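Right, one structure below, let's go through it.
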Amino acid sequence: MEHALLILIIVIALFFVFINGFHDTANVVATPIATRALSPYQAITIAAIFNFIGAFFGTGVAVTISKGLIDATLVTHTVLLSALIAAIIWNLITWFFGIPSSSSHALIGALAGAGIGAGGLSSIHYTTLFNKVVLPMIFSPILAFFLALIIVAIIMSILQKNTRPRRANNFIRELQVLSTSLLSFSHGSNDAQKNMSIIVMALFTFHMVDSVTSIPIWVTAVCGIAMAAGTMAGGMKIIKTLSSRLAKLRPANGFAAEMSSGLLIFAASHFGLPVSTTQAVSGSIMGAGSTNSVGVNWLVVRQMAVAWTLTLPSCMLMGVLIYKLLSMVL
């Protein structure tokens, strides 16, 4: 029975990784598709490859979630199942409506909610939640916005001095292959770790690993494969929102958006911060797109901001409710 529960948790966790992949694909490929630097198939293929590679770099984010978020003594199979189910439900709802919400905050909120369901409000490490989740949630899109704005300003000043703007634009489109690869790699290094932490916590509760910070290589590999497979499945509804509805992008804007978000997420992974790829990329697109004459669609921005604000508390509430339901059954 115990082994069956462990296998069930791992399978559901990998299903969440898969959903994370196709839900967050838009974050990575929206800009090169919008600027026509890459076809959707080319962009998604590059994203899948570098998502997989990125999964093998770093463990800081996994440690933050598995060790620093909730009281480790409260982590049970019911808590983990509740968190996964709540996060999956939220991801599917937002994907269905084409809303680029955060898979990261869905999982973190659901895990915190399940922890509250198991041990009450005192079970959460609020300092970690605030410093490593809430503050980055607030500041990452703002930092991404201004970093993209600076990068696009530098690029535009260089382009203005170029006597062959068409040739320069084509060169920037080629550079977007590199910026897309960087963003995909960063996404894999940050988001894959969040999902690894759930599997490792499950292994720890069943005494299969010595600590919640010990991540077996096979866990990294299967999470990387599942995320890459999800990325290949794509998420065209959200891609449409980010690539065309949020802001109209030229090659210089798209390159700046990818570089700023890729660098920001990579830095966050280094410091163990589980930031939202959705928010970083959206902030970057807004910053890069604000320099265009068309500008940013602030109505879409407002809708996205509402989704970002609701994700963490909504998933916490769902985590509590699903835990209470499952605890009656399991």
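All residue names refer to the structure tokens as shown: chains lettered A, B, ... in order, residues numbered from 1 in each chain, ligands numbered from 1 in order.
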Checklist entry - Residues of region 63-246 of chain A in helix (DSSP H, G or I) according to DSSP, as number ranges by chain? => result A: 63-68, 72-74, 77-96, 103-119, 121-123, 126-160, 165-205, 217-233, 236-245
Keeping only C-alpha atoms, write those residues as a short mmCIF file (atom, residue, chain, number, x, y, z; two decimals), in the first residue's frame.
data_model
loop_
_atom_site.label_atom_id
_atom_site.label_comp_id
_atom_site.auth_asym_id
_atom_site.auth_seq_id
_atom_site.Cartn_x
_atom_site.Cartn_y
_atom_site.Cartn_z
CA VAL A 63 15.87 23.22 -0.90
CA THR A 64 13.82 26.39 -0.33
CA ILE A 65 10.55 24.56 -1.03
CA SER A 66 11.30 21.19 0.55
CA LYS A 67 13.01 22.48 3.70
CA GLY A 68 12.10 26.11 4.23
CA ALA A 72 9.03 19.10 7.66
CA THR A 73 7.40 16.92 10.34
CA LEU A 74 3.98 17.66 8.81
CA HIS A 77 1.60 11.64 1.48
CA THR A 78 -1.77 13.33 2.03
CA VAL A 79 -0.16 16.79 2.21
CA LEU A 80 1.80 16.17 -1.00
CA LEU A 81 -1.17 14.73 -2.89
CA SER A 82 -3.35 17.65 -1.80
CA ALA A 83 -0.75 20.19 -2.94
CA LEU A 84 -0.31 18.53 -6.33
CA ILE A 85 -4.02 18.17 -7.01
CA ALA A 86 -4.75 21.79 -6.06
CA ALA A 87 -1.89 23.12 -8.21
CA ILE A 88 -2.95 20.98 -11.19
CA ILE A 89 -6.56 22.20 -10.94
CA TRP A 90 -5.43 25.85 -10.90
CA ASN A 91 -3.05 25.35 -13.83
CA LEU A 92 -5.73 23.67 -15.92
CA ILE A 93 -8.28 26.40 -15.15
CA THR A 94 -5.89 29.21 -16.08
CA TRP A 95 -4.66 27.34 -19.18
CA PHE A 96 -8.25 26.80 -20.35
CA SER A 103 2.71 27.48 -11.96
CA SER A 104 5.34 28.17 -9.31
CA HIS A 105 3.02 30.11 -7.05
CA ALA A 106 0.26 27.59 -7.66
CA LEU A 107 2.46 24.80 -6.31
CA ILE A 108 3.87 26.86 -3.43
CA GLY A 109 0.43 28.14 -2.42
CA ALA A 110 -1.09 24.67 -2.62
CA LEU A 111 1.74 23.17 -0.53
CA ALA A 112 1.37 25.90 2.09
CA GLY A 113 -2.40 25.36 2.15
CA ALA A 114 -2.03 21.61 2.58
CA GLY A 115 0.46 22.27 5.39
CA ILE A 116 -2.07 24.54 7.09
CA GLY A 117 -4.68 21.83 6.70
CA ALA A 118 -2.38 19.35 8.42
CA GLY A 119 -0.94 21.49 11.22
CA LEU A 121 -1.49 28.31 10.62
CA SER A 122 1.66 27.81 12.71
CA SER A 123 2.94 25.13 10.31
CA TYR A 126 6.22 32.83 7.15
CA THR A 127 9.65 34.48 7.00
CA THR A 128 10.68 32.17 4.15
CA LEU A 129 7.30 32.58 2.47
CA PHE A 130 7.55 36.37 2.59
CA ASN A 131 11.26 36.79 1.81
CA LYS A 132 11.64 34.11 -0.86
CA VAL A 133 8.18 34.00 -2.43
CA VAL A 134 6.09 37.13 -1.82
CA LEU A 135 8.86 39.74 -2.21
CA PRO A 136 10.22 38.16 -5.44
CA MET A 137 6.61 37.92 -6.68
CA ILE A 138 6.25 41.68 -6.26
CA PHE A 139 9.65 42.80 -7.47
CA SER A 140 10.55 40.30 -10.23
CA PRO A 141 8.16 41.74 -12.87
CA ILE A 142 9.21 45.29 -11.90
CA LEU A 143 12.92 44.46 -12.20
CA ALA A 144 12.26 42.59 -15.46
CA PHE A 145 10.37 45.60 -16.82
CA PHE A 146 13.21 48.07 -16.22
CA LEU A 147 15.97 45.65 -17.22
CA ALA A 148 14.22 45.01 -20.55
CA LEU A 149 13.71 48.75 -20.98
CA ILE A 150 17.43 49.39 -20.51
CA ILE A 151 18.47 46.57 -22.86
CA VAL A 152 16.08 47.62 -25.62
CA ALA A 153 17.22 51.26 -25.28
CA ILE A 154 20.85 50.18 -25.78
CA ILE A 155 19.94 48.03 -28.79
CA MET A 156 17.83 50.77 -30.37
CA SER A 157 20.65 53.30 -29.99
CA ILE A 158 22.99 50.89 -31.79
CA LEU A 159 20.44 50.26 -34.54
CA GLN A 160 19.95 53.97 -35.14
CA PRO A 165 18.46 48.48 -40.41
CA ARG A 166 16.99 45.48 -42.23
CA ARG A 167 20.26 43.59 -42.01
CA ALA A 168 20.57 44.56 -38.33
CA ASN A 169 17.05 43.30 -37.61
CA ASN A 170 17.84 39.99 -39.28
CA PHE A 171 20.98 39.71 -37.13
CA ILE A 172 18.94 40.33 -33.98
CA ARG A 173 16.46 37.63 -35.05
CA GLU A 174 19.42 35.23 -35.22
CA LEU A 175 20.52 36.36 -31.75
CA GLN A 176 17.05 35.48 -30.48
CA VAL A 177 17.98 31.83 -30.87
CA LEU A 178 20.56 32.42 -28.13
CA SER A 179 18.26 34.50 -25.93
CA THR A 180 15.48 31.89 -26.29
CA SER A 181 17.96 29.18 -25.29
CA LEU A 182 19.06 31.21 -22.24
CA LEU A 183 15.48 31.80 -21.12
CA SER A 184 14.58 28.11 -21.64
CA PHE A 185 17.65 27.02 -19.68
CA SER A 186 16.81 29.41 -16.84
CA HIS A 187 13.20 28.25 -16.80
CA GLY A 188 14.29 24.61 -16.57
CA SER A 189 16.76 25.34 -13.78
CA ASN A 190 14.14 27.16 -11.67
CA ASP A 191 10.85 25.39 -12.36
CA ALA A 192 12.14 21.82 -12.55
CA GLN A 193 13.59 22.17 -9.06
CA LYS A 194 10.19 23.09 -7.61
CA ASN A 195 8.81 19.82 -8.89
CA MET A 196 11.84 17.81 -7.82
CA SER A 197 11.29 19.00 -4.26
CA ILE A 198 7.83 17.40 -4.14
CA ILE A 199 9.16 14.02 -5.29
CA VAL A 200 12.09 14.19 -2.86
CA MET A 201 9.74 15.05 0.03
CA ALA A 202 7.66 12.02 -0.95
CA LEU A 203 10.76 9.81 -0.99
CA PHE A 204 11.76 11.20 2.41
CA THR A 205 8.37 10.47 3.98
CA ILE A 217 19.89 11.99 -10.30
CA TRP A 218 16.95 9.94 -11.59
CA VAL A 219 14.53 12.46 -10.03
CA THR A 220 16.27 15.29 -11.89
CA ALA A 221 16.20 13.28 -15.13
CA VAL A 222 12.52 12.31 -15.03
CA CYS A 223 11.49 15.87 -14.09
CA GLY A 224 13.57 17.22 -16.97
CA ILE A 225 12.03 14.73 -19.39
CA ALA A 226 8.48 15.43 -18.20
CA MET A 227 8.98 19.20 -18.48
CA ALA A 228 10.49 18.86 -21.97
CA ALA A 229 7.57 16.65 -23.05
CA GLY A 230 5.09 19.19 -21.71
CA THR A 231 6.93 21.97 -23.49
CA MET A 232 6.68 20.07 -26.78
CA ALA A 233 2.93 19.75 -26.18
CA MET A 236 -1.01 27.93 -27.76
CA LYS A 237 -3.77 29.81 -25.88
CA ILE A 238 -1.27 31.43 -23.54
CA ILE A 239 1.27 31.88 -26.35
CA LYS A 240 -1.34 33.97 -28.18
CA THR A 241 -1.86 36.19 -25.11
CA LEU A 242 1.83 36.87 -24.59
CA SER A 243 2.97 37.02 -28.22
CA SER A 244 0.26 39.28 -29.62
CA ARG A 245 -2.22 40.59 -27.05
#
Region 8-81 of chain A near region 251-263 of chain A within 10 Å: what's each residue's closest atom pair and its distance in Å to one decimal, counting only C-alpha atoms, ordered by chain then ascending residue number, as a Markdown table?
| residue | atom | partner | partner_atom | distance |
| --- | --- | --- | --- | --- |
| A:Asn27 | CA | A:Glu258 | CA | 9.3 |
| A:Val28 | CA | A:Glu258 | CA | 7.7 |
| A:Val29 | CA | A:Glu258 | CA | 9.1 |
| A:Ala30 | CA | A:Gly254 | CA | 8.8 |
| A:Thr31 | CA | A:Gly254 | CA | 5.0 |
| A:Pro32 | CA | A:Gly254 | CA | 6.4 |
| A:Ile33 | CA | A:Gly254 | CA | 9.1 |
| A:Ala34 | CA | A:Gly254 | CA | 7.7 |
| A:Thr35 | CA | A:Pro251 | CA | 5.2 |
| A:Arg36 | CA | A:Pro251 | CA | 8.0 |
| A:Ala37 | CA | A:Pro251 | CA | 7.2 |
Residues of the last selection are to be written out with N, CA and C atoms, as a compact mmCIF listing (two decimals), in the first residue's frame.
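New file again_37.txt:
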# COMPACT_ATOMS: atom_id res chain seq x y z
N ASN A 27 5.70 31.31 -21.95
CA ASN A 27 6.62 32.27 -21.37
C ASN A 27 7.95 32.31 -22.12
N VAL A 28 8.35 31.17 -22.62
CA VAL A 28 9.65 31.04 -23.25
C VAL A 28 9.61 31.37 -24.73
N VAL A 29 8.55 30.96 -25.41
CA VAL A 29 8.54 31.03 -26.88
C VAL A 29 7.71 32.18 -27.44
N ALA A 30 7.01 32.91 -26.59
CA ALA A 30 6.12 33.96 -27.10
C ALA A 30 6.87 35.02 -27.90
N THR A 31 8.03 35.47 -27.37
CA THR A 31 8.72 36.58 -28.03
C THR A 31 9.35 36.20 -29.37
N PRO A 32 10.06 35.05 -29.50
CA PRO A 32 10.60 34.75 -30.83
C PRO A 32 9.52 34.46 -31.86
N ILE A 33 8.35 33.97 -31.41
CA ILE A 33 7.24 33.76 -32.34
C ILE A 33 6.65 35.10 -32.75
N ALA A 34 6.52 36.02 -31.77
CA ALA A 34 5.93 37.33 -32.06
C ALA A 34 6.78 38.12 -33.05
N THR A 35 8.11 37.98 -32.94
CA THR A 35 9.01 38.73 -33.84
C THR A 35 9.35 37.95 -35.11
N ARG A 36 8.81 36.73 -35.21
CA ARG A 36 9.05 35.85 -36.36
C ARG A 36 10.51 35.45 -36.50
N ALA A 37 11.22 35.48 -35.38
CA ALA A 37 12.59 34.99 -35.39
C ALA A 37 12.61 33.47 -35.53
Checklist entry - Mind pulling up the distance from CA of Thr213 (chain A) to CA of Asn20 (chain A)? => result 22.0 Å
Checklist entry - How many Å separate CA of Ala288 (chain A) from CA of Ala55 (chain A)? => result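 Straight-line distance from CA of Ala288 (chain A) to CA of Ala55 (chain A) works out to 27.5 Å.
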